[in-house]
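**Student:** Have a look at this one.
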Amino acid sequence: MRQLIAGNWKMFGLTAEAVAIATPLLEAGALTRDLLVCPPATQIALVSRLLAGSPVAVGGQDCHTETHGAHTGDISAPMLRDAGASYVILGHSERRQNHGETDSLVRAKTLAAVAAGLTPIVCVGESAEERQAGWETAVVGKQLNGSLPDDFAGIVAYEPVWAIGTGRTATEGDVAAMHLFIRQALVRRFGPAGEAMPILYGGSVRPSNAASLLAVPHVGGALVGGASLKASDFLDIARA
Ligand code: 13P
C-alpha cells in the first residue's frame with residue numbers, strides 16, 4: 001500500500017502563507033507516496049480550490065460531533081467536506097491537552113467524520129512521563145480502545161507527545177515496537193481489516209530522518225507538523 005505523507009499545519013497559515021505552501025505541491029510531479037495537507041479551517045476552501053485536480057488531498061484538524069447546531073465557534077464534519085476536505089485529524093495530543101478531549105469524545109468525532117464521508121486520522125501517543133514510567137503501550141492501548149469505534153475504517157497516527165515539536169524524534173526501535181503493538185491491537189479488534197489500516201508516525205519528522213522512519217515495519221506514512229510548513233521540506237519528506 002502507498003504511504004501517506006500528511007502535513008498538519010496546526011494554527012499556521014495566513015492566506016499568503018497558505019498559497020506559498022500549497023502552490024509548489026502542484027509541481028511535485030509523480031511521487032511514490034500520497035500527499036495530504038491539513039490547513040487551518042479558514043484556509044481549507046482556498047487550499048482545496050488551489051489543489052483541485054491534483055493528487056494532493058486536503059483535510060481538517062478537528063471536527064464537532066454534530067452535523068450542525070448551536071455550537072458557537074465549532075466546525076462540523078459535513079462543513080469540512082463541503083469546503084473540500086476528504087480527511088480529518090482527530091484526537092491530536094494538542095487537542096487532548098489544550099481542550100480536554102477524552103477518548104470517548106474522539107470516538108464520537110470519528111463516527112461523525114465517517115458519516116460525513118471523511119477519512120479520520122485518529123492520533124494516539126504517550127507523554128514523556130508515561131514513557132519514563134514504562135506505561136507507553138498501556139496508554140496507547142487504552143487510547144486505541146476508547147477512541148476507535150467498533151466499525152473503524154480509517155488511519156491511526158502514533159505521535160509520542162515528547163517528540164512533537166521538540167526536534168527529539170523517537171528512535172527507529174521505539175517506532176518499530178509501538179507500531180507493531182498498534183498493528184497487533186488493530187488486528188485483534190478488527191480482524192483482517194486491521195492488517196491494512198495505515199499507521200502513521202508523527203513527531204519531529206524532517207527530510208533528514210524521514211527515509212529511516214518510513215522504512216520501519218508497520219509505518220504507513222508520516223504526520224508532519226513544522227516541516228510541512230515549507231513546501232520543499234514537505235516534498236523532500238515525500239521523496240525520502
Ligand atoms: P512536528 O512535526 O512539528 O513535531 O509536529 C508533529 C505533529 O504534531 C503532527 O501532527
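Each chain of the C-alpha cells is named A, B, ... in the order shown, its residues numbered from 1; ligands are numbered from 1 in display order.
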Could you report the residues within 7 Å of ligand 1, using only C-alpha atoms and all ligand atoms, as a ChimeraX atom specification?

**Tutor:** /A:8,92,159,163-167,202-205,223-227

**Student:** Would you save the residues from that selection as a CSV table (one decimal), in the first residue's frame, using C-alpha atoms?

**Tutor:**
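Written output follows (result-v4.csv):
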```csv
chain,number,residue,atom,x,y,z
A,8,ASN,CA,-0.6,19.2,9.9
A,92,HIS,CA,-4.3,15.2,18.3
A,159,GLU,CA,2.6,10.7,17.9
A,163,ALA,CA,8.6,14.0,20.1
A,164,ILE,CA,6.2,16.7,18.9
A,165,GLY,CA,7.8,20.0,18.0
A,166,THR,CA,10.8,19.1,20.1
A,167,GLY,CA,13.3,18.0,17.4
A,202,GLY,CA,4.4,11.8,13.8
A,203,GLY,CA,6.9,13.7,15.9
A,204,SER,CA,9.7,15.8,14.5
A,205,VAL,CA,9.7,14.2,11.1
A,223,LEU,CA,2.1,13.1,10.1
A,224,VAL,CA,4.3,16.1,9.8
A,225,GLY,CA,4.0,19.3,11.7
A,226,GLY,CA,6.7,22.0,11.5
A,227,ALA,CA,8.3,20.6,8.3
```

**Student:** Report as a VMD selection string all protein, DNA and RNA residues lying within 7 Å of segment 180-188 of chain A, evaluated on only C-alpha atoms, omitting residues in the same chain fewer than 5 positions from it.

**Tutor:** chain A and resid 194 to 195 218

**Student:** Residues of segment 7-208 of chain A classed as strand (DSSP E) by DSSP on the backbone are to be reported as a PyMOL selection string.

**Tutor:** chain A and resi 7-8+34-38+57-60+87-90+119-124+155-158+199-202

**Student:** Name the residues of segment 21-182 of chain A that fall into alpha helix (DSSP H) according to DSSP on the backbone, using the chain letters and numbers of this document, as a PyMOL selection string.

**Tutor:** chain A and resi 21-22+44-51+77-83+93-98+103-115+128-132+136-147+172-182

**Student:** When you look at Ala115 of chain A with a cut-off of 9 Å (counting only C-alpha atoms), what residues show up, excluding the ones that are within fewer than 4 positions of it in the same chain? I need them as a list of chain:residue names.

**Tutor:**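 Counting only C-alpha atoms, the residues come to A:Ala77, A:Pro78, A:Thr110, A:Leu111.
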
**Student:** Go ahead and save the picked residues with all heavy atoms, as a PDB file, in the first residue's frame.

**Tutor:**
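And here is the file that came out, part37.pdb:
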```pdb
ATOM      1  N   ALA A  77     -18.182  18.056  10.586  1.00  0.00           N
ATOM      2  CA  ALA A  77     -17.572  17.230   9.544  1.00  0.00           C
ATOM      3  C   ALA A  77     -18.187  17.522   8.170  1.00  0.00           C
ATOM      4  O   ALA A  77     -17.439  17.658   7.187  1.00  0.00           O
ATOM      5  CB  ALA A  77     -17.697  15.753   9.929  1.00  0.00           C
ATOM      6  N   PRO A  78     -19.521  17.654   8.044  1.00  0.00           N
ATOM      7  CA  PRO A  78     -20.062  17.995   6.718  1.00  0.00           C
ATOM      8  C   PRO A  78     -19.561  19.353   6.213  1.00  0.00           C
ATOM      9  O   PRO A  78     -19.418  19.554   5.005  1.00  0.00           O
ATOM     10  CB  PRO A  78     -21.578  18.020   6.938  1.00  0.00           C
ATOM     11  CG  PRO A  78     -21.801  17.133   8.111  1.00  0.00           C
ATOM     12  CD  PRO A  78     -20.595  17.327   8.988  1.00  0.00           C
ATOM     13  N   THR A 110     -14.973  10.706  15.541  1.00  0.00           N
ATOM     14  CA  THR A 110     -14.591   9.767  14.480  1.00  0.00           C
ATOM     15  C   THR A 110     -15.834   9.257  13.758  1.00  0.00           C
ATOM     16  O   THR A 110     -15.873   9.190  12.522  1.00  0.00           O
ATOM     17  CB  THR A 110     -13.775   8.601  15.081  1.00  0.00           C
ATOM     18  OG1 THR A 110     -12.638   9.145  15.748  1.00  0.00           O
ATOM     19  CG2 THR A 110     -13.315   7.625  14.016  1.00  0.00           C
ATOM     20  N   LEU A 111     -16.861   8.923  14.527  1.00  0.00           N
ATOM     21  CA  LEU A 111     -18.122   8.473  13.923  1.00  0.00           C
ATOM     22  C   LEU A 111     -18.722   9.579  13.053  1.00  0.00           C
ATOM     23  O   LEU A 111     -19.220   9.322  11.946  1.00  0.00           O
ATOM     24  CB  LEU A 111     -19.112   8.059  15.011  1.00  0.00           C
ATOM     25  CG  LEU A 111     -18.768   6.750  15.738  1.00  0.00           C
ATOM     26  CD1 LEU A 111     -19.620   6.583  16.994  1.00  0.00           C
ATOM     27  CD2 LEU A 111     -18.939   5.552  14.798  1.00  0.00           C
TER      28      LEU A 111
END
```

**Student:** I'd like the contact shell of Ser212 of chain A - 12 Å cut-off, only C-alpha atoms, skipping same-chain residues fewer than 6 positions apart - returned as a count of residues only.

**Tutor:** 15

**Student:** Quick one: of A:Met1, A:Val156, A:His99, A:Val47, who's nearest to Ala20 of chain A, counting only C-alpha atoms?

**Tutor:**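 That would be A:Val47, the residue with the smallest distance to Ala20 of chain A.
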
**Student:** Expressed in Å to a single decimal, how great is the separation between atom CA of Ala57 of chain A and atom CA of Ala177 of chain A?

**Tutor:**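 These two atoms are separated by 29.5 Å.
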